[in-house]
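Okay, target-v2.cif is below, mmCIF, C-alpha atoms:
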```cif
data_upload
#
loop_
_atom_site.label_atom_id
_atom_site.label_comp_id
_atom_site.auth_asym_id
_atom_site.auth_seq_id
_atom_site.Cartn_x
_atom_site.Cartn_y
_atom_site.Cartn_z
CA MET A 1 -13.99 -7.11 3.96
CA SER A 2 -14.05 -3.77 5.72
CA PRO A 3 -12.68 -3.30 9.24
CA ASN A 4 -15.22 -2.30 11.88
CA ASN A 5 -13.27 0.80 12.83
CA VAL A 6 -13.68 2.73 9.58
CA SER A 7 -14.68 6.32 10.08
CA ALA A 8 -17.44 7.89 8.04
CA SER A 9 -15.45 11.11 7.87
CA ARG A 10 -11.84 10.67 6.88
CA GLN A 11 -8.93 11.86 8.97
CA PRO A 12 -6.14 14.15 7.74
CA ALA A 13 -3.91 12.59 5.11
CA ARG A 14 -0.90 12.17 7.44
CA LEU A 15 -0.02 10.62 10.78
CA PRO A 16 3.48 12.05 11.28
CA GLY A 17 5.57 10.10 13.75
CA MET A 18 2.90 7.43 14.28
CA ILE A 19 4.04 5.02 11.57
CA ASP A 20 7.48 3.52 11.23
CA VAL A 21 7.97 2.46 7.61
CA ASP A 22 10.87 0.09 7.01
CA ILE A 23 11.75 0.23 3.31
CA GLN A 24 14.09 -2.34 1.82
CA TRP A 25 15.35 -2.16 -1.75
CA GLN A 26 16.23 -5.44 -3.43
CA LEU A 27 17.22 -4.09 -6.83
CA GLU A 28 20.51 -3.25 -8.47
CA ALA A 29 20.67 0.33 -9.73
CA PRO A 30 17.04 0.88 -10.73
CA VAL A 31 16.49 3.70 -13.20
CA TRP A 32 13.84 5.32 -11.02
CA MET A 33 12.93 5.04 -7.35
CA PRO A 34 10.34 6.98 -5.37
CA PRO A 35 11.98 8.92 -2.51
CA GLU A 36 11.56 7.19 0.85
CA GLN A 37 9.84 10.25 2.34
CA GLU A 38 7.15 10.03 -0.35
CA ILE A 39 6.60 6.36 0.42
CA GLN A 40 6.31 7.29 4.11
CA ASP A 41 3.72 9.96 3.24
CA TRP A 42 1.72 7.49 1.12
CA VAL A 43 1.66 4.91 3.92
CA GLU A 44 0.58 7.54 6.47
CA ALA A 45 -2.22 8.73 4.16
CA ALA A 46 -3.45 5.18 3.59
CA VAL A 47 -3.54 4.39 7.30
CA ALA A 48 -5.22 7.71 8.12
CA GLY A 49 -7.83 7.10 5.41
CA GLY A 50 -8.40 3.47 6.25
CA VAL A 51 -8.91 3.54 10.02
CA ASN A 52 -10.72 5.64 12.58
CA VAL A 53 -7.77 7.49 14.09
CA ASP A 54 -8.05 9.05 17.53
CA GLU A 55 -5.71 10.11 20.33
CA SER A 56 -5.30 6.56 21.61
CA VAL A 57 -3.89 5.09 18.38
CA ALA A 58 -0.68 3.17 19.00
CA PRO A 59 2.45 3.73 16.95
CA MET A 60 2.49 1.34 13.99
CA GLY A 61 5.01 -0.37 11.77
CA VAL A 62 4.88 -1.38 8.12
CA SER A 63 7.63 -3.09 6.15
CA ILE A 64 7.92 -2.56 2.39
CA LEU A 65 10.14 -4.61 0.10
CA ILE A 66 10.76 -3.10 -3.32
CA THR A 67 11.98 -5.88 -5.54
CA GLY A 68 12.29 -7.22 -9.06
CA ILE A 69 10.39 -9.66 -11.20
CA GLU A 70 12.13 -12.82 -10.01
CA GLU A 71 11.47 -12.23 -6.29
CA ILE A 72 7.86 -11.06 -6.71
CA THR A 73 7.21 -14.16 -8.88
CA ARG A 74 8.68 -16.40 -6.18
CA LEU A 75 6.58 -14.73 -3.46
CA ASN A 76 3.44 -14.92 -5.61
CA HIS A 77 4.10 -18.63 -6.20
CA ASP A 78 4.93 -19.42 -2.56
CA TYR A 79 2.01 -17.54 -1.01
CA ARG A 80 -0.69 -17.48 -3.69
CA GLN A 81 0.25 -20.52 -5.81
CA LYS A 82 0.46 -18.31 -8.91
CA ASN A 83 3.65 -18.76 -10.89
CA GLN A 84 3.73 -15.29 -12.45
CA PRO A 85 4.84 -11.81 -11.48
CA THR A 86 2.40 -9.40 -9.85
CA ASN A 87 2.62 -5.74 -8.91
CA VAL A 88 1.98 -5.85 -5.14
CA LEU A 89 1.54 -8.42 -2.40
CA SER A 90 0.40 -7.73 1.16
CA PHE A 91 1.04 -9.88 4.20
CA PRO A 92 -1.06 -8.70 7.18
CA LEU A 93 0.46 -9.36 10.57
CA GLU A 94 -1.26 -7.34 13.33
CA ALA A 95 1.25 -8.18 16.06
CA MET A 96 2.78 -6.08 18.82
CA ALA A 97 6.50 -5.42 18.65
CA GLU A 98 8.67 -5.29 21.77
CA ASP A 99 8.57 -1.48 21.58
CA ASN A 100 4.72 -1.52 21.68
CA ARG A 101 4.30 -0.70 17.98
CA LEU A 102 1.42 -2.43 16.21
CA LEU A 103 3.06 -4.23 13.29
CA LEU A 104 0.52 -4.06 10.47
CA GLY A 105 2.49 -6.34 8.16
CA ASP A 106 4.63 -6.49 5.06
CA ILE A 107 4.15 -5.29 1.50
CA ALA A 108 6.20 -6.40 -1.52
CA ILE A 109 6.15 -4.28 -4.68
CA SER A 110 7.84 -5.11 -7.97
CA LEU A 111 9.31 -1.92 -9.40
CA PRO A 112 9.73 -3.36 -12.92
CA VAL A 113 6.07 -4.46 -12.96
CA VAL A 114 5.01 -1.01 -11.69
CA GLU A 115 6.97 0.69 -14.47
CA GLN A 116 5.60 -1.65 -17.16
CA GLU A 117 1.98 -1.29 -15.99
CA ALA A 118 2.29 2.48 -15.70
CA GLU A 119 3.49 2.71 -19.28
CA GLU A 120 0.71 0.41 -20.51
CA GLN A 121 -1.92 2.41 -18.60
CA GLY A 122 -0.60 5.84 -19.60
CA LYS A 123 0.27 6.81 -16.02
CA THR A 124 3.44 7.97 -14.38
CA ALA A 125 5.40 5.33 -12.49
CA ARG A 126 5.18 7.60 -9.42
CA ALA A 127 1.35 7.71 -9.54
CA HIS A 128 1.07 3.95 -10.07
CA PHE A 129 3.57 3.22 -7.29
CA ALA A 130 1.65 5.50 -4.90
CA HIS A 131 -1.57 3.67 -5.79
CA LEU A 132 0.01 0.28 -5.05
CA VAL A 133 1.38 1.48 -1.70
CA VAL A 134 -2.09 2.72 -0.71
CA HIS A 135 -3.65 -0.48 -2.07
CA GLY A 136 -1.19 -2.65 -0.15
CA VAL A 137 -1.67 -0.76 3.12
CA LEU A 138 -5.46 -1.05 2.83
CA HIS A 139 -5.04 -4.82 2.47
CA LEU A 140 -2.98 -4.78 5.69
CA LEU A 141 -5.90 -2.98 7.35
CA GLY A 142 -8.34 -5.70 6.29
CA TYR A 143 -9.78 -4.32 3.06
CA ASP A 144 -10.24 -6.63 0.09
CA HIS A 145 -11.56 -6.49 -3.47
CA THR A 146 -12.22 -10.15 -4.24
CA GLU A 147 -15.98 -9.78 -4.01
CA PRO A 148 -17.76 -6.98 -5.92
CA ALA A 149 -19.22 -5.47 -2.72
CA ASP A 150 -15.75 -5.33 -1.15
CA ALA A 151 -14.25 -3.76 -4.28
CA ALA A 152 -17.09 -1.21 -4.28
CA GLU A 153 -15.88 -0.11 -0.85
CA MET A 154 -12.10 -0.40 -1.30
CA GLU A 155 -11.66 1.25 -4.69
CA PRO A 156 -13.44 4.55 -3.85
CA LEU A 157 -11.44 4.68 -0.62
CA GLU A 158 -8.19 4.26 -2.58
CA THR A 159 -9.31 7.02 -4.94
CA GLU A 160 -10.16 9.32 -2.02
CA ILE A 161 -6.82 8.73 -0.29
CA LEU A 162 -4.87 9.24 -3.51
CA SER A 163 -6.80 12.45 -4.13
CA THR A 164 -5.59 13.83 -0.79
CA LEU A 165 -2.07 13.15 -2.07
CA GLY A 166 -2.67 14.94 -5.38
CA PHE A 167 -3.14 11.85 -7.58
CA GLU A 168 -5.97 11.19 -10.02
CA ASN A 169 -8.41 8.30 -9.83
CA PRO A 170 -6.36 5.16 -10.61
CA TYR A 171 -9.47 3.35 -11.84
CA ASP A 172 -10.41 6.02 -14.39
CA PRO A 173 -9.63 4.50 -17.80
CA GLY A 174 -8.50 7.90 -18.95
#
```
So that I can check it, write out the structure of this file as structure tokens.
Amino acid sequence: MSPNNVSASRQPARLPGMIDVDIQWQLEAPVWMPPEQEIQDWVEAAVAGGVNVDESVAPMGVSILITGIEEITRLNHDYRQKNQPTNVLSFPLEAMAEDNRLLLGDIAISLPVVEQEAEEQGKTARAHFAHLVVHGVLHLLGYDHTEPADAAEMEPLETEILSTLGFENPYDPG
């Protein structure tokens, strides 16, 4: 489902200072982690690409949990009734915080699943992680891919946003 406020022409790939990204790591000594500033940039690009941004846009907040297989499996079971790990989960919120930020919601990403999928798909972990951040943020903004028509809208948008960040089409089989 596409939000009604999508712009036909996309905004710049960043919204500096407009989005507060709270990143929490729930892993012990991972081998690789994307720098927090990159994650911030990816979130800003996804929001800028997914909404019609103008001067009146309120500051926003997004929370990202980077976790392992056990926690992502628990979350997937508790919220989607699927007892298996997944790469990313999104929990839209759309509530106002006390400081007048629009809280878009929470995203959980399993770093071990990202690394495994990246290897299987012949991608870098960084590129796959960026894709899942963009994918998760678009879900927070109301996009979906359950129905073919929705996927036909969401996937090209993900590709376009990732292109502005210097990444290749994540849906290209290579």
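A straight line drawn from atom CA of Gly61 of chain A to atom CA of Ala95 of chain A is 9.7 Å long.
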* Of the candidates A:Leu89, A:Ala152, A:Ile66, A:Val113, which one gets nearest to Tyr171 of chain A if we count all atoms listed in the file? -> A:Ala152
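Shown here are all protein and nucleic acid residues lying within 10 Å of (-7.7, 4.5, -12.0), with all atoms listed in the file considered: Gln121, Lys123, Ala127, His128, His131, Glu155, Pro156, Glu158, Thr159, Phe167, Glu168, Asn169, Pro170, Tyr171, Asp172, Pro173 and Gly174 of chain A.
Reported to one decimal place, the separation of atom CA of Leu165 of chain A from atom CA of Gly68 of chain A is 25.9 Å.
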* Asked: Which is closer to Arg74 of chain A than all the others in A:Val47, A:Val137, A:Ala108, A:Leu103, using only C-alpha atoms?
  -> A:Ala108
* Return as an NGL selection string the set of residues that the PyMOL selection byres ((chain A and resi 114) around 12) yields on the displayed structure. => :A and (32-34 or 66-69 or 72 or 85-88 or 108-113 or 115-133)
* Selected by the PyMOL selection byres ((chain A and resi 19) around 6) in the shown coordinates: which residues, as JSON, numbers by chain? -> {"A": [17, 18, 20, 59, 60, 61]}
Using C-alpha atoms, can you write the selected residues to a file as a PDB file, in the coordinates of the input?
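Listing of result32.pdb after writing:
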```
ATOM      1  CA  GLY A  17       5.570  10.100  13.750  1.00  0.00           C
ATOM      2  CA  MET A  18       2.900   7.430  14.280  1.00  0.00           C
ATOM      3  CA  ASP A  20       7.480   3.520  11.230  1.00  0.00           C
ATOM      4  CA  PRO A  59       2.450   3.730  16.950  1.00  0.00           C
ATOM      5  CA  MET A  60       2.490   1.340  13.990  1.00  0.00           C
ATOM      6  CA  GLY A  61       5.010  -0.370  11.770  1.00  0.00           C
TER       7      GLY A  61
END
```
* On this structure, which residues satisfy the PyMOL selection byres ((chain A and resi 143) around 9), written as a PyMOL selection string? -> chain A and resi 1-3+50+135+137-142+144-145+150-151+153-154
* **Gap from atom CA of Ser90 of chain A to atom CA of Gly136 of chain A - Å, one decimal** => 5.5 Å
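Checking A:Leu27, A:Ile107, A:Val134, A:Val21 one by one against Leu157 of chain A, counting all atoms listed in the file, you find the shortest gap at A:Val134.
Residue nearest Gln26 of chain A, chosen from A:Leu65, A:Ala149, A:Ala58, A:Ala46 and counting all atoms listed in the file: A:Leu65.
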